[in-house]
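Trainee: Below is entry-v4.cif; it holds mmCIF, C-alpha atoms and all ligand atoms.
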data_run
#
loop_
_atom_site.group_PDB
_atom_site.id
_atom_site.type_symbol
_atom_site.label_atom_id
_atom_site.label_comp_id
_atom_site.auth_asym_id
_atom_site.auth_seq_id
_atom_site.Cartn_x
_atom_site.Cartn_y
_atom_site.Cartn_z
ATOM 1 C CA MET R 1 76.612 21.830 53.024
ATOM 2 C CA THR R 2 80.293 20.981 53.496
ATOM 3 C CA TYR R 3 81.714 24.514 53.476
ATOM 4 C CA ARG R 4 78.606 26.680 53.950
ATOM 5 C CA PRO R 5 78.264 30.052 52.192
ATOM 6 C CA ASN R 6 81.116 31.840 53.961
ATOM 7 C CA GLY R 7 83.385 28.840 53.338
ATOM 8 C CA VAL R 8 82.563 28.875 49.634
ATOM 9 C CA ILE R 9 83.496 32.556 49.443
ATOM 10 C CA ARG R 10 86.735 31.780 51.289
ATOM 11 C CA LEU R 11 87.575 29.003 48.791
ATOM 12 C CA VAL R 12 87.012 31.497 45.965
ATOM 13 C CA GLN R 13 89.297 34.023 47.698
ATOM 14 C CA TYR R 14 92.012 31.391 48.047
ATOM 15 C CA GLY R 15 91.623 30.414 44.403
ATOM 16 C CA LEU R 16 90.771 26.797 45.253
ATOM 17 C CA LYS R 17 88.862 26.371 42.029
ATOM 18 C CA SER R 18 88.438 22.605 41.837
ATOM 19 C CA GLU R 19 87.396 22.353 45.509
ATOM 20 C CA VAL R 20 84.674 24.930 45.037
ATOM 21 C CA LEU R 21 83.444 23.797 41.600
ATOM 22 C CA GLU R 22 83.296 20.145 42.671
ATOM 23 C CA SER R 23 81.533 20.868 45.955
ATOM 24 C CA SER R 24 77.932 20.001 46.691
ATOM 25 C CA ASP R 25 77.428 23.404 48.298
ATOM 26 C CA ILE R 26 77.055 25.290 45.021
ATOM 27 C CA TRP R 27 74.244 22.898 44.016
ATOM 28 C CA LEU R 28 72.509 22.807 47.384
ATOM 29 C CA CYS R 29 72.108 26.603 47.356
ATOM 30 C CA MET R 30 68.555 27.390 46.346
ATOM 31 C CA GLY R 31 69.159 31.110 45.925
ATOM 32 C CA CYS R 32 67.006 32.220 48.863
ATOM 33 C CA ASN R 33 69.271 35.283 49.364
ATOM 34 C CA THR R 34 69.317 34.947 53.160
ATOM 35 C CA CYS R 35 73.126 34.996 53.246
ATOM 36 C CA SER R 36 73.303 37.759 50.631
ATOM 37 C CA THR R 37 71.109 40.087 52.672
ATOM 38 C CA ALA R 38 72.976 39.263 55.903
ATOM 39 C CA CYS R 39 76.496 39.530 54.456
ATOM 40 C CA PRO R 40 78.371 42.393 56.241
ATOM 41 C CA MET R 41 80.515 42.865 53.112
ATOM 42 C CA ALA R 42 77.408 43.105 50.878
ATOM 43 C CA ILE R 43 78.505 40.166 48.734
ATOM 44 C CA ASP R 44 75.667 38.779 46.659
ATOM 45 C CA ILE R 45 76.478 35.210 47.647
ATOM 46 C CA ALA R 46 73.447 33.712 45.894
ATOM 47 C CA ALA R 47 74.675 35.263 42.625
ATOM 48 C CA VAL R 48 78.191 33.942 43.288
ATOM 49 C CA MET R 49 76.727 30.441 43.804
ATOM 50 C CA SER R 50 74.836 30.739 40.545
ATOM 51 C CA ALA R 51 77.991 31.894 38.701
ATOM 52 C CA LEU R 52 79.926 28.965 40.204
ATOM 53 C CA ARG R 53 77.286 26.503 38.954
ATOM 54 C CA GLU R 54 77.612 28.000 35.465
ATOM 55 C CA MET R 55 81.404 27.683 35.674
ATOM 56 C CA ALA R 56 81.158 24.062 36.825
ATOM 57 C CA ILE R 57 78.992 23.231 33.806
ATOM 58 C CA GLU R 58 81.151 25.187 31.330
ATOM 59 C CA GLU R 59 84.348 23.601 32.614
ATOM 60 C CA GLY R 60 82.884 20.107 32.562
ATOM 61 C CA VAL R 61 83.786 19.286 36.135
ATOM 62 C CA ARG R 62 82.147 16.366 37.903
ATOM 63 C CA ILE R 63 78.766 17.617 39.134
ATOM 64 C CA ALA R 64 78.540 16.828 42.842
ATOM 65 C CA GLU R 65 74.737 16.718 42.880
ATOM 66 C CA PRO R 66 73.623 15.270 39.516
ATOM 67 C CA GLY R 67 70.004 15.001 40.674
ATOM 68 C CA ILE R 68 69.832 18.741 41.352
ATOM 69 C CA PHE R 69 71.604 19.454 38.056
ATOM 70 C CA ASN R 70 69.072 17.282 36.183
ATOM 71 C CA PHE R 71 66.218 19.094 37.869
ATOM 72 C CA HIS R 72 67.680 22.489 36.854
ATOM 73 C CA GLN R 73 68.015 21.216 33.281
ATOM 74 C CA GLU R 74 64.382 20.117 33.128
ATOM 75 C CA VAL R 75 63.151 23.455 34.508
ATOM 76 C CA LEU R 76 65.173 25.291 31.844
ATOM 77 C CA ASN R 77 63.946 22.922 29.116
ATOM 78 C CA SER R 78 60.359 23.622 30.135
ATOM 79 C CA ILE R 79 60.913 27.388 29.978
ATOM 80 C CA ARG R 80 62.577 26.958 26.577
ATOM 81 C CA ARG R 81 59.559 24.997 25.287
ATOM 82 C CA TYR R 82 56.666 26.980 26.754
ATOM 83 C CA GLY R 83 58.079 30.247 28.071
ATOM 84 C CA ARG R 84 57.122 29.124 31.570
ATOM 85 C CA THR R 85 57.308 26.025 33.707
ATOM 86 C CA HIS R 86 55.014 23.023 33.335
ATOM 87 C CA LYS R 87 55.514 21.312 36.677
ATOM 88 C CA LEU R 88 53.972 17.949 35.844
ATOM 89 C CA GLU R 89 56.125 17.513 32.744
ATOM 90 C CA ILE R 90 59.225 18.673 34.623
ATOM 91 C CA MET R 91 58.652 16.043 37.302
ATOM 92 C CA ILE R 92 57.937 13.262 34.788
ATOM 93 C CA ARG R 93 61.048 14.066 32.732
ATOM 94 C CA TYR R 94 63.147 14.460 35.868
ATOM 95 C CA LYS R 95 61.986 11.091 37.221
ATOM 96 C CA LEU R 96 62.792 9.444 33.882
ATOM 97 C CA ARG R 97 66.290 10.952 33.885
ATOM 98 C CA GLN R 98 66.845 9.806 37.449
ATOM 99 C CA ARG R 99 65.303 6.373 36.798
ATOM 100 C CA ASP R 100 63.384 6.929 40.004
ATOM 101 C CA PHE R 101 59.796 6.227 39.104
ATOM 102 C CA PHE R 102 57.972 5.661 42.376
ATOM 103 C CA SER R 103 59.370 7.915 45.105
ATOM 104 C CA ASP R 104 57.117 10.939 45.695
ATOM 105 C CA MET R 105 54.324 9.198 43.781
ATOM 106 C CA ASP R 106 51.881 9.663 46.686
ATOM 107 C CA MET R 107 52.633 13.383 46.879
ATOM 108 C CA GLY R 108 52.279 13.730 43.111
ATOM 109 C CA LEU R 109 48.888 12.047 43.168
ATOM 110 C CA ARG R 110 47.724 14.245 46.058
ATOM 111 C CA MET R 111 48.868 17.357 44.170
ATOM 112 C CA LEU R 112 47.020 16.182 41.078
ATOM 113 C CA ALA R 113 43.877 15.540 43.135
ATOM 114 C CA LYS R 114 44.085 19.069 44.572
ATOM 115 C CA ARG R 115 44.653 20.498 41.075
ATOM 116 C CA LYS R 116 48.091 21.786 42.008
ATOM 117 C CA LEU R 117 49.545 20.237 38.836
ATOM 118 C CA ASP R 118 48.154 21.232 35.467
ATOM 119 C CA LEU R 119 47.857 18.380 32.993
ATOM 120 C CA ARG R 120 48.410 20.681 30.020
ATOM 121 C CA PRO R 121 51.191 23.259 29.819
ATOM 122 C CA SER R 122 50.297 26.908 29.835
ATOM 123 C CA LYS R 123 52.280 28.738 27.138
ATOM 124 C CA ILE R 124 53.205 32.371 26.709
ATOM 125 C CA ILE R 125 52.161 34.050 23.462
ATOM 126 C CA ASN R 126 55.605 35.063 22.273
ATOM 127 C CA LYS R 127 57.663 31.921 22.817
ATOM 128 C CA MET R 128 60.147 33.054 20.159
ATOM 129 C CA GLN R 129 61.401 35.842 22.443
ATOM 130 C CA VAL R 130 62.289 33.300 25.111
ATOM 131 C CA ARG R 131 63.921 30.969 22.564
ATOM 132 C CA LYS R 132 66.025 33.902 21.340
ATOM 133 C CA LEU R 133 67.306 34.377 24.881
ATOM 134 C CA PHE R 134 68.314 30.714 25.031
ATOM 135 C CA SER R 135 69.945 30.919 21.578
ATOM 136 C CA ALA R 136 71.903 34.009 22.625
ATOM 137 C CA LYS R 137 73.058 32.176 25.738
ATOM 138 C CA ASP R 138 74.041 29.084 23.681
ATOM 139 C CA ARG R 139 75.981 31.299 21.238
ATOM 140 C CA THR R 140 77.813 33.035 24.094
ATOM 141 C CA ALA R 141 78.811 29.659 25.536
ATOM 142 C CA GLN R 142 79.940 28.481 22.085
ATOM 143 C CA ASP R 143 81.994 31.666 21.504
ATOM 144 C CA LYS R 144 83.633 31.197 24.875
ATOM 145 C CA ASN R 145 84.522 27.582 24.011
ATOM 146 C CA ASN R 146 86.041 28.728 20.704
ATOM 147 C CA GLU R 147 88.084 31.392 22.528
ATOM 148 C CA ASP R 148 89.412 28.748 24.896
ATOM 149 C CA PHE R 149 91.005 26.845 21.970
HETATM 150 S S1 LIG R 201 71.309 31.987 49.066
HETATM 151 FE FE1 LIG R 201 70.191 30.849 50.666
HETATM 152 S S2 LIG R 201 70.450 28.721 50.083
HETATM 153 FE FE2 LIG R 201 72.012 29.864 48.955
HETATM 154 S S3 LIG R 201 73.835 29.786 50.270
HETATM 155 FE FE3 LIG R 201 72.720 31.652 50.792
HETATM 156 S S4 LIG R 201 71.422 31.071 52.556
HETATM 157 FE FE4 LIG R 201 72.085 29.184 51.535
#
Translate the structure of the given file into structure tokens.
Mentor:
Amino acid sequence: MTYRPNGVIRLVQYGLKSEVLESSDIWLCMGCNTCSTACPMAIDIAAVMSALREMAIEEGVRIAEPGIFNFHQEVLNSIRRYGRTHKLEIMIRYKLRQRDFFSDMDMGLRMLAKRKLDLRPSKIINKMQVRKLFSAKDRTAQDKNNEDF
């Protein structure tokens, strides 16, 4: 990370919007909550990072870590399709997006051999409920865009 969690919070306090939204830090955060639980001011930093990622997408700023963004997108697409994640499909689609076909191939094959990757997706019964959540989120984003004009 360039700024680290406390630095990101400081950028937010100073209102340095483009610096924070264009930083790699908000994408490198994996939401482990270590900083949130240790923060003496009880700031939920992981949630702030997540909100900043959403803002970066909504505002169309240059994504500092497109690979991580693509991975997030594929995880969300999988949940939208099946109601849960299908790891093999996520990795295949992610690799296609990245045009990176052979790195991690050995690990993928080992995971397949150990049955850590299901060939077929497991689906929840009521997929429509999950799709409704995504539709509601899409509508909210659309309403916000309309308000901005
Ligand atoms: S939530 Fe975890 S990964 Fe994210 S900034 Fe805090 S310590 Fe780092």
Trainee: I need the output of the PyMOL selection byres (((chain R and resi 79-85) around 7) and not hetatm) for this file as a ChimeraX atom specification; which residues are they?
Mentor: /R:75-78,86-87,123-124,127,130-131
Trainee: Evaluating the PyMOL selection byres (((chain R and resi 21) around 10) and not hetatm) on the displayed file yields which residues, as a PyMOL selection string?
Mentor: chain R and resi 8+11-12+16-20+22-27+49+52-57+59-64
Trainee: Do you know which residues are within 12 Å of ligand LIG 201 (chain R) using only C-alpha atoms and all ligand atoms? Can you write them as a PyMOL selection string?
Mentor: chain R and resi 1-9+24-39+43-50+52-53
Trainee: Quick one, how far is atom CA of Ser103 of chain R from atom CA of Gly67 of chain R?
Mentor: 13.5 Å
Trainee: Between atom CA of Leu119 of chain R and atom CA of Met105 of chain R, what distance in Å does the model show, to one decimal?
Mentor: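 Atom-to-atom, atom CA of Leu119 of chain R and atom CA of Met105 of chain R are spaced 15.6 Å apart.
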Trainee: R:Ile92, R:Met107, R:Ala42, R:Ala51: which is nearest Asn70 of chain R, counting all atoms listed in the file?
Mentor: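 Closest to Asn70 of chain R of all the choices is R:Ile92.
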Trainee: Quote the spacing between atom CA of His72 of chain R and atom CA of Arg99 of chain R in Å to one decimal place.
Mentor: 16.3 Å
Trainee: Need the axis-aligned box for segment 12-18 of chain R with 4 Å each side, so what are the centre and edges in Å to one decimal, as lines of an AutoDock Vina configuration file?
Mentor:
center_x = 89.5
center_y = 28.3
center_z = 44.9
size_x = 13.0
size_y = 19.4
size_z = 14.2
